[in-house]
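Asks: Contents of protein_24.txt (compact mmCIF, C-alpha atoms) are given next:
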# COMPACT_ATOMS: atom_id res chain seq x y z
CA MET F 812 -122.32 21.43 46.01
CA ASP F 813 -120.99 22.29 49.45
CA THR F 814 -121.24 26.07 49.26
CA ALA F 815 -120.16 26.44 52.90
CA SER F 816 -116.70 25.23 51.88
CA TRP F 817 -116.35 28.13 49.47
CA PHE F 818 -115.87 30.62 52.33
CA ASP F 819 -112.87 31.16 54.58
CA ALA F 820 -114.27 30.11 57.95
CA GLY F 821 -110.99 30.87 59.69
CA HIS F 822 -110.71 34.42 58.36
CA THR F 823 -109.85 37.05 60.97
CA PRO F 824 -110.60 40.53 59.62
CA GLN F 825 -108.12 43.34 60.03
CA ILE F 826 -109.31 46.17 62.22
CA LEU F 827 -109.28 49.01 59.71
CA SER F 828 -111.26 52.20 59.38
CA PRO F 829 -113.73 52.16 56.46
CA ILE F 830 -111.49 54.30 54.24
CA ASP F 831 -108.39 52.22 55.00
CA GLU F 832 -110.36 49.03 54.31
CA PHE F 833 -111.40 50.50 50.96
CA ARG F 834 -107.84 51.47 50.10
CA ALA F 835 -106.55 48.01 51.04
CA ASN F 836 -109.19 46.35 48.85
CA LEU F 837 -108.53 48.69 45.95
CA SER F 838 -104.79 48.06 46.23
CA GLU F 839 -105.35 44.30 45.94
CA ILE F 840 -107.55 44.79 42.89
CA ASN F 841 -105.02 47.12 41.26
CA THR F 842 -102.30 44.52 41.79
CA LEU F 843 -104.31 41.94 39.82
CA TYR F 844 -104.47 43.82 36.55
CA LEU F 845 -101.14 45.65 36.85
CA GLN F 846 -99.23 42.40 37.38
CA ALA F 847 -101.12 40.80 34.50
CA HIS F 848 -100.20 43.79 32.35
CA GLN F 849 -96.54 43.46 33.29
CA ARG F 850 -96.61 39.77 32.33
CA GLY F 851 -98.38 40.51 29.07
CA ASP F 852 -101.44 38.54 30.22
CA TYR F 853 -103.91 41.38 30.54
CA ASN F 854 -107.12 41.11 28.50
CA SER F 855 -110.54 42.77 28.41
CA THR F 856 -112.21 39.89 30.28
CA LEU F 857 -109.91 40.44 33.25
CA GLY F 858 -110.53 44.17 32.91
CA GLY F 859 -114.28 43.65 33.21
CA LEU F 860 -113.90 41.52 36.33
CA VAL F 861 -111.53 44.04 37.91
CA TYR F 862 -114.07 46.75 37.15
CA LEU F 863 -116.75 44.89 39.13
CA GLY F 864 -114.35 44.50 42.04
CA MET F 865 -113.58 48.20 42.11
CA VAL F 866 -117.24 49.16 42.42
CA SER F 867 -117.73 46.46 45.06
CA ALA F 868 -114.89 48.02 47.07
CA VAL F 869 -116.75 51.35 47.09
CA GLU F 870 -119.96 49.61 48.19
CA GLY F 871 -117.97 47.96 50.97
CA TYR F 872 -116.72 51.36 52.13
CA PHE F 873 -120.22 52.79 52.43
CA ARG F 874 -121.50 49.71 54.26
CA SER F 875 -118.60 49.80 56.69
CA LEU F 876 -118.96 53.55 57.26
CA LEU F 877 -122.67 53.28 58.03
CA ARG F 878 -122.14 50.27 60.30
CA HIS F 879 -119.50 52.02 62.41
CA LEU F 880 -121.55 55.21 62.66
CA ILE F 881 -124.59 53.27 63.86
CA LEU F 882 -122.46 51.58 66.51
CA THR F 883 -120.75 54.81 67.64
CA ASP F 884 -123.03 57.80 67.05
CA GLU F 885 -126.20 58.35 69.12
CA MET F 886 -128.13 60.01 66.31
CA CYS F 887 -127.34 57.28 63.78
CA ALA F 888 -128.21 54.59 66.30
CA GLU F 889 -131.56 56.27 66.94
CA ASN F 890 -132.30 56.50 63.23
CA ALA F 891 -131.44 52.83 62.78
CA ALA F 892 -133.64 51.78 65.70
CA SER F 893 -136.84 52.08 63.68
CA LYS F 894 -135.54 49.93 60.82
CA THR F 895 -136.06 46.19 60.60
CA VAL F 896 -133.69 43.28 60.12
CA SER F 897 -134.44 39.65 59.33
CA TYR F 898 -135.10 37.17 62.14
CA ALA F 899 -132.02 35.17 61.06
CA ALA F 900 -129.82 38.26 61.35
CA ALA F 901 -131.26 39.17 64.74
CA VAL F 902 -130.61 35.68 66.10
CA HIS F 903 -127.29 34.83 64.51
CA HIS F 904 -125.37 38.07 63.82
CA ARG F 905 -122.86 39.28 66.36
CA PRO F 906 -123.98 42.65 67.81
CA GLU F 907 -121.10 44.54 66.21
CA LEU F 908 -122.09 43.22 62.77
CA LEU F 909 -125.86 43.51 63.10
CA PRO F 910 -126.05 46.94 61.37
CA GLU F 911 -124.82 45.20 58.21
CA ALA F 912 -128.19 43.41 58.07
CA LEU F 913 -129.97 46.75 57.67
CA LEU F 914 -128.29 47.18 54.30
CA GLU F 915 -128.51 43.64 52.95
CA GLY F 916 -131.41 44.49 50.65
CA VAL F 917 -129.89 47.79 49.50
CA SER F 918 -127.52 48.25 46.57
CA LEU F 919 -125.02 50.99 47.24
CA ALA F 920 -123.76 50.91 43.65
CA SER F 921 -125.93 53.95 42.97
CA THR F 922 -125.59 57.63 43.75
CA LYS F 923 -129.28 57.84 44.64
CA ASN F 924 -129.10 54.96 47.12
CA VAL F 925 -125.88 56.18 48.74
CA LYS F 926 -127.34 59.64 49.32
CA SER F 927 -130.62 58.15 50.54
CA GLU F 928 -128.90 55.98 53.18
CA LEU F 929 -126.65 58.82 54.34
CA ASN F 930 -129.77 60.93 54.78
CA SER F 931 -131.99 58.35 56.49
CA LEU F 932 -129.32 56.98 58.84
CA CYS F 933 -127.07 60.01 59.38
CA ASN F 934 -129.36 62.98 58.58
CA ILE F 935 -126.91 64.09 55.91
CA ALA F 936 -129.38 65.63 53.49
CA GLN F 937 -127.10 68.09 51.75
CA ILE F 938 -123.77 66.99 50.30
CA SER F 939 -121.29 69.61 49.10
CA SER F 940 -121.85 70.58 45.47
CA SER F 941 -118.10 70.19 44.95
CA LEU F 942 -118.71 66.42 45.08
CA ASP F 943 -121.36 66.50 42.31
CA PRO F 944 -118.89 65.71 39.49
CA LEU F 945 -117.48 62.80 41.52
CA PHE F 946 -120.96 61.41 42.14
CA GLN F 947 -121.81 61.80 38.45
CA SER F 948 -118.71 59.81 37.52
CA PHE F 949 -119.69 57.20 40.12
CA GLU F 950 -123.19 56.94 38.64
CA ASP F 951 -121.77 56.43 35.14
CA ILE F 952 -119.40 53.77 36.47
CA CYS F 953 -122.31 52.02 38.22
CA GLN F 954 -124.46 52.08 35.09
CA ILE F 955 -121.74 50.34 33.10
CA ARG F 956 -121.33 47.89 36.00
CA HIS F 957 -124.84 46.61 35.21
CA CYS F 958 -123.59 45.58 31.78
CA GLY F 959 -120.81 43.55 33.35
CA ILE F 960 -123.11 41.81 35.83
CA HIS F 961 -126.08 41.02 33.62
CA ARG F 962 -124.87 41.13 30.01
CA PHE F 963 -121.22 39.95 30.10
CA GLY F 964 -120.09 43.49 29.35
CA LYS F 965 -122.43 44.33 26.48
CA LEU F 966 -124.17 47.71 26.53
CA GLY F 967 -127.94 47.52 26.97
CA SER F 968 -130.50 50.10 25.94
CA GLN F 969 -131.39 51.18 29.49
CA GLN F 970 -127.78 51.94 30.34
CA ALA F 971 -127.29 53.67 26.98
CA VAL F 972 -130.20 55.99 27.75
CA LYS F 973 -128.85 56.84 31.21
CA LEU F 974 -125.32 57.39 29.89
CA GLY F 975 -126.52 59.54 26.97
CA LEU F 976 -128.25 57.90 24.01
CA ASP F 977 -126.84 60.12 21.29
CA LYS F 978 -123.27 59.20 22.19
CA HIS F 979 -123.88 55.58 23.12
CA LYS F 980 -126.49 54.50 20.55
CA PRO F 981 -123.83 53.18 18.12
CA LEU F 982 -122.43 51.06 20.96
CA LEU F 983 -125.62 49.08 21.78
CA GLU F 984 -124.77 45.40 22.29
CA LYS F 985 -121.08 46.18 21.89
CA PRO F 986 -118.81 44.64 24.55
CA LEU F 987 -116.94 46.54 27.23
CA ARG F 988 -113.23 46.83 26.41
CA LEU F 989 -111.31 48.43 29.24
CA THR F 990 -107.63 49.21 28.91
CA VAL F 991 -105.21 49.43 31.82
CA MET F 992 -105.36 53.22 31.50
CA HIS F 993 -109.17 53.11 31.73
CA LEU F 994 -108.95 51.08 34.93
CA GLN F 995 -106.42 53.47 36.44
CA ASP F 996 -108.72 56.41 35.66
CA ILE F 997 -111.68 54.55 37.20
CA ALA F 998 -109.71 53.68 40.34
CA GLU F 999 -108.65 57.32 40.69
CA ALA F 1000 -112.24 58.55 40.28
CA LEU F 1001 -113.57 56.09 42.86
CA GLU F 1002 -110.86 56.92 45.39
CA ALA F 1003 -111.52 60.63 44.92
CA LEU F 1004 -115.22 60.05 45.64
CA VAL F 1005 -114.53 58.01 48.78
CA ARG F 1006 -112.04 60.58 50.09
CA GLY F 1007 -114.46 63.42 49.36
CA VAL F 1008 -117.46 61.74 51.00
CA ASN F 1009 -115.33 60.67 53.96
CA SER F 1010 -114.17 64.24 54.63
CA HIS F 1011 -117.64 65.69 54.13
CA CYS F 1012 -119.31 63.20 56.48
CA PHE F 1013 -116.63 63.68 59.15
CA PHE F 1014 -117.21 67.43 59.21
CA ASP F 1015 -121.00 67.17 59.00
CA MET F 1016 -121.27 64.59 61.76
CA LEU F 1017 -118.90 66.47 64.06
CA LYS F 1018 -120.80 69.71 63.56
CA ARG F 1019 -124.08 67.97 64.30
CA SER F 1020 -122.66 66.36 67.46
CA HIS F 1021 -122.31 69.88 68.85
CA GLU F 1022 -125.27 71.73 67.34
CA ASN F 1023 -127.75 68.98 68.30
CA SER F 1024 -126.31 68.40 71.77
CA PRO F 1025 -127.71 69.94 75.00
CA ALA F 1026 -125.26 72.83 74.56
CA GLY F 1027 -126.01 73.31 70.88
CA LYS F 1028 -128.28 75.86 69.24
CA ASN F 1029 -130.58 73.44 67.40
CA LYS F 1030 -133.89 72.58 69.06
CA THR F 1031 -133.69 68.89 68.21
CA LYS F 1032 -131.32 67.21 70.65
CA TYR F 1033 -129.99 64.01 69.11
CA TYR F 1034 -127.19 63.69 71.68
CA SER F 1035 -127.49 63.19 75.42
CA THR F 1036 -124.17 64.86 76.25
CA SER F 1037 -122.23 67.87 75.04
CA TRP F 1038 -118.52 68.17 74.36
CA ASN F 1039 -116.63 69.21 77.48
CA ARG F 1040 -114.17 71.29 75.47
CA ASP F 1041 -111.34 69.71 77.36
CA TRP F 1042 -109.14 67.14 75.62
CA ALA F 1043 -108.68 64.96 78.69
CA ALA F 1044 -112.43 64.74 79.21
CA ASP F 1045 -113.34 64.39 75.51
CA GLN F 1046 -110.45 62.24 74.32
CA SER F 1047 -112.09 58.84 74.53
CA ARG F 1048 -115.26 59.94 72.76
CA PHE F 1049 -113.46 61.93 70.09
CA GLU F 1050 -110.92 59.23 69.29
CA LYS F 1051 -113.66 56.67 68.71
CA PHE F 1052 -115.32 59.04 66.29
CA HIS F 1053 -112.08 60.16 64.64
CA TRP F 1054 -111.05 56.53 64.02
CA ILE F 1055 -114.10 55.92 61.80
CA PHE F 1056 -112.91 58.53 59.30
CA ALA F 1057 -109.14 58.46 59.80
CA SER F 1058 -106.67 56.95 57.37
CA THR F 1059 -103.18 55.71 58.10
CA HIS F 1060 -102.42 55.26 54.40
CA ALA F 1061 -98.84 56.28 53.73
CA SER F 1062 -99.67 58.41 50.68
CA ASN F 1063 -102.26 60.57 52.42
CA PRO F 1064 -102.59 59.96 56.18
CA SER F 1065 -105.11 61.78 58.31
CA LYS F 1066 -104.11 64.36 60.87
CA PRO F 1067 -103.81 63.11 64.48
CA ALA F 1068 -106.94 63.05 66.62
CA LYS F 1069 -105.68 65.80 68.96
CA GLU F 1070 -105.00 68.14 66.06
CA MET F 1071 -108.46 67.53 64.61
CA TYR F 1072 -110.04 67.99 68.04
CA ASP F 1073 -108.34 71.37 68.46
CA ALA F 1074 -109.59 72.42 65.03
CA PHE F 1075 -113.12 71.29 65.96
CA MET F 1076 -113.04 73.29 69.20
CA ALA F 1077 -111.80 76.35 67.29
CA PHE F 1078 -114.69 75.90 64.84
CA ILE F 1079 -117.21 75.77 67.68
CA SER F 1080 -115.76 78.90 69.29
CA ALA F 1081 -115.78 80.78 65.98
CA LYS F 1082 -119.43 79.82 65.34
CA GLU F 1083 -120.45 81.07 68.78
CA VAL F 1084 -118.64 84.37 68.26
CA GLY F 1085 -120.43 84.71 64.96
CA GLN F 1086 -123.78 84.34 66.67
The structure given in the file should be rewritten as structure tokens.

Replies:
Amino acid sequence: MDTASWFDAGHTPQILSPIDEFRANLSEINTLYLQAHQRGDYNSTLGGLVYLGMVSAVEGYFRSLLRHLILTDEMCAENAASKTVSYAAAVHHRPELLPEALLEGVSLASTKNVKSELNSLCNIAQISSSLDPLFQSFEDICQIRHCGIHRFGKLGSQQAVKLGLDKHKPLLEKPLRLTVMHLQDIAEALEALVRGVNSHCFFDMLKRSHENSPAGKNKTKYYSTSWNRDWAADQSRFEKFHWIFASTHASNPSKPAKEMYDAFMAFISAKEVGQ
């Protein structure tokens, strides 16, 4: 079989921030099952396939986020420098895509792995406890994903144990049967996680870009330059960073870069007064 013909060689990717790319992918997936439902063609097999696509969209978000941070942020680039990529990736990947190779052997359909990569690449060791319920839902969704990938939707014993054996023991070897309402709930839970992580990482990374700069209070200096505290001087740097986390989605767009910059400068000033 000519597997090379299975891919769209002429594809030109849209230039979207990680969160907008996720939302675009999720919207396409939602269209599949909602249109099928409207036609009366929806069935549990389609539901299982849609489910896999939803989790894949979240994985894609995390991969895109980490790639852009490595390319843009000094600290993340330094952390990535000690990691290895395959010879094929080093020779054939375009520079702007090379960070993707760092994650090729990592599954990001796991709360543990997501947190581990955010920590090792971005030094984000502590994630707000307010996101714990969202990560727990994500972990449950990922456990059931294993059933869809390896067992055609049937619940295995390992997943039953991780989901709670008392409640799931009667369902061993029973097939997954997702309704349209289930899929809508799952999509909502995944989008809430992505939005929450996106906001948390934006704040954490911005704070670190000041505190670990030459002008910051922390002894470890991950950054070679400090913020000038002048929009004209900082605009180019801030806009590149802001773009990684910003969304232009009509239902919930991000605030403009200048507004976020002003809020960041106010935060820095308030922290210094507090010292």

Asks: If we count all atoms listed in the file, what is near Glu1070 in chain F at a cut-off of 12 Å, once residues fewer than 5 positions away on the same chain are taken out, given as a list in words?

Replies: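 Counting all atoms listed in the file, the residues come to Trp1042, Gln1046, Phe1049, Glu1050, His1053, Ser1065, Phe1075, Met1076 and Ala1077 of chain F.
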
Asks: CA of Gly1027 in chain F to CA of Glu1083 in chain F: how many Å, to one decimal?

Replies: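 About the pair CA of Gly1027 in chain F and CA of Glu1083 in chain F: they are 9.8 Å apart.
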
Asks: I'd like a table as JSON lines: residues in range 846-953 of chain F with an atom no more than 9 Å from range 992-1014 of chain F, each row giving the shortest atom pair and its distance in Å to one decimal, all atoms listed in the file counted, sorted by chain and rising residue number.

Replies:
{"residue": "F:Gly858", "atom": "CA", "partner": "F:Leu994", "partner_atom": "CA", "distance": 7.4}
{"residue": "F:Val861", "atom": "CA", "partner": "F:Leu994", "partner_atom": "CA", "distance": 8.1}
{"residue": "F:Tyr862", "atom": "CA", "partner": "F:Leu994", "partner_atom": "CA", "distance": 7.1}
{"residue": "F:Met865", "atom": "CA", "partner": "F:Ala998", "partner_atom": "CA", "distance": 6.9}
{"residue": "F:Val866", "atom": "CA", "partner": "F:Leu1001", "partner_atom": "CA", "distance": 7.9}
{"residue": "F:Val869", "atom": "CA", "partner": "F:Leu1001", "partner_atom": "CA", "distance": 7.1}
{"residue": "F:Tyr872", "atom": "CA", "partner": "F:Val1005", "partner_atom": "CA", "distance": 7.8}
{"residue": "F:Phe873", "atom": "CA", "partner": "F:Val1005", "partner_atom": "CA", "distance": 8.5}
{"residue": "F:Leu876", "atom": "CA", "partner": "F:Asn1009", "partner_atom": "CA", "distance": 8.6}
{"residue": "F:Leu929", "atom": "CA", "partner": "F:Cys1012", "partner_atom": "CA", "distance": 8.8}
{"residue": "F:Cys933", "atom": "CA", "partner": "F:Cys1012", "partner_atom": "CA", "distance": 8.9}
{"residue": "F:Ile935", "atom": "CA", "partner": "F:Cys1012", "partner_atom": "CA", "distance": 7.7}
{"residue": "F:Ile938", "atom": "CA", "partner": "F:His1011", "partner_atom": "CA", "distance": 7.3}
{"residue": "F:Ser939", "atom": "CA", "partner": "F:His1011", "partner_atom": "CA", "distance": 7.3}
{"residue": "F:Ser941", "atom": "CA", "partner": "F:Gly1007", "partner_atom": "CA", "distance": 8.9}
{"residue": "F:Leu942", "atom": "CA", "partner": "F:Gly1007", "partner_atom": "CA", "distance": 6.7}
{"residue": "F:Leu945", "atom": "CA", "partner": "F:Leu1004", "partner_atom": "CA", "distance": 5.4}
{"residue": "F:Phe946", "atom": "CA", "partner": "F:Leu1004", "partner_atom": "CA", "distance": 6.9}
{"residue": "F:Ser948", "atom": "CA", "partner": "F:Ala1000", "partner_atom": "CA", "distance": 7.1}
{"residue": "F:Phe949", "atom": "CA", "partner": "F:Leu1001", "partner_atom": "CA", "distance": 6.8}
{"residue": "F:Ile952", "atom": "CA", "partner": "F:Ile997", "partner_atom": "CA", "distance": 7.8}

Asks: Restricting the calculation to all atoms listed in the file, which member of F:Lys1051, F:His979, F:Arg1019, F:His961 is positioned closest to Ser1037 in chain F?

Replies: F:Arg1019

Asks: Just give me the gap between CA of Leu919 in chain F and CA of Asp977 in chain F in Å, one decimal is fine.

Replies: 27.6 Å

Asks: Quote the spacing between CA of Arg905 in chain F and CA of Phe818 in chain F in Å to one decimal place.

Replies: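 Interatomic distance, CA of Arg905 in chain F to CA of Phe818 in chain F: 17.9 Å.
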
Asks: If I put a ball of radius 12 Å at (-121.9, 44.6, 63.1) in the file's coordinates, which residues poke into it when counting all atoms listed in the file, written as a list in words?

Replies: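 The requested residues, written out, are Arg874, Ser875, Leu876, Leu877, Arg878, His879, Leu880, Ile881, Leu882, Thr883, Ala900, Ala901, His903, His904, Arg905, Pro906, Glu907, Leu908, Leu909, Pro910, Glu911, Ala912, Leu913 and Leu914 of chain F.
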
Asks: What does the file look like for those residues with C-alpha atoms, as a PDB file, in the coordinates of the input?

Replies:
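The result, written out as part.pdb:
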ATOM      1  CA  ARG F 874    -121.500  49.710  54.260  1.00  0.00           C
ATOM      2  CA  SER F 875    -118.600  49.800  56.690  1.00  0.00           C
ATOM      3  CA  LEU F 876    -118.960  53.550  57.260  1.00  0.00           C
ATOM      4  CA  LEU F 877    -122.670  53.280  58.030  1.00  0.00           C
ATOM      5  CA  ARG F 878    -122.140  50.270  60.300  1.00  0.00           C
ATOM      6  CA  HIS F 879    -119.500  52.020  62.410  1.00  0.00           C
ATOM      7  CA  LEU F 880    -121.550  55.210  62.660  1.00  0.00           C
ATOM      8  CA  ILE F 881    -124.590  53.270  63.860  1.00  0.00           C
ATOM      9  CA  LEU F 882    -122.460  51.580  66.510  1.00  0.00           C
ATOM     10  CA  THR F 883    -120.750  54.810  67.640  1.00  0.00           C
ATOM     11  CA  ALA F 900    -129.820  38.260  61.350  1.00  0.00           C
ATOM     12  CA  ALA F 901    -131.260  39.170  64.740  1.00  0.00           C
ATOM     13  CA  HIS F 903    -127.290  34.830  64.510  1.00  0.00           C
ATOM     14  CA  HIS F 904    -125.370  38.070  63.820  1.00  0.00           C
ATOM     15  CA  ARG F 905    -122.860  39.280  66.360  1.00  0.00           C
ATOM     16  CA  PRO F 906    -123.980  42.650  67.810  1.00  0.00           C
ATOM     17  CA  GLU F 907    -121.100  44.540  66.210  1.00  0.00           C
ATOM     18  CA  LEU F 908    -122.090  43.220  62.770  1.00  0.00           C
ATOM     19  CA  LEU F 909    -125.860  43.510  63.100  1.00  0.00           C
ATOM     20  CA  PRO F 910    -126.050  46.940  61.370  1.00  0.00           C
ATOM     21  CA  GLU F 911    -124.820  45.200  58.210  1.00  0.00           C
ATOM     22  CA  ALA F 912    -128.190  43.410  58.070  1.00  0.00           C
ATOM     23  CA  LEU F 913    -129.970  46.750  57.670  1.00  0.00           C
ATOM     24  CA  LEU F 914    -128.290  47.180  54.300  1.00  0.00           C
TER      25      LEU F 914
END

Asks: Which is closest to Gly916 in chain F among F:Asn836, F:Thr895, F:Ser1058, F:Ser816, if we use all atoms listed in the file?

Replies: F:Thr895

Asks: For Ser931 in chain F, find every residue with an atom within 12 Å (counting all atoms listed in the file), except residues of its own chain fewer than 4 positions away, and show them as an MDAnalysis selection string.

Replies: chainID F and resid 877 881 886:894 913:914 924:927 935:937

Asks: Report as a list in words all protein, DNA and RNA residues lying within 6 Å of range 986-989 of chain F, evaluated on all atoms listed in the file, omitting residues in the same chain fewer than 5 positions from it.

Replies: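 Contacts, in chain order: Ser855, Gly858, Gly964 and Lys965 of chain F.
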
Asks: Report, as AutoDock Vina command-line options, the centre and edge lengths in Å (one decimal) of the axis-aligned box enclosing every listed atom of range 844-854 of chain F, padded by 8 Å on each side.

Replies:
--center_x -101.8 --center_y 42.1 --center_z 32.9 --size_x 26.6 --size_y 23.1 --size_z 24.9

Asks: F:Ser1020, F:Val1084, F:Glu832, F:Asn854: which is nearest Lys1032 in chain F, counting all atoms listed in the file?

Replies: F:Ser1020

Asks: Determine, counting only C-alpha atoms, which protein, DNA and RNA residues have an atom within 12 Å of an atom of Ser968 in chain F; residues of the same chain fewer than 5 positions away are not included. Present the result as a list in words.

Replies: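 The neighbour list is Gln954, Ile955, His957, Cys958, Arg962, Lys973, Leu974, Gly975, Leu976, Asp977, His979, Lys980, Pro981, Leu982, Leu983, Glu984 and Lys985 of chain F.
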
Asks: Which residue, F:Glu885, F:Glu870, F:Asp1073, F:Glu950, has the smallest gap to Ser1035 in chain F when you use all atoms listed in the file?

Replies: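 Going through F:Glu885, F:Glu870, F:Asp1073, F:Glu950 one by one, the smallest distance to Ser1035 in chain F is for F:Glu885.
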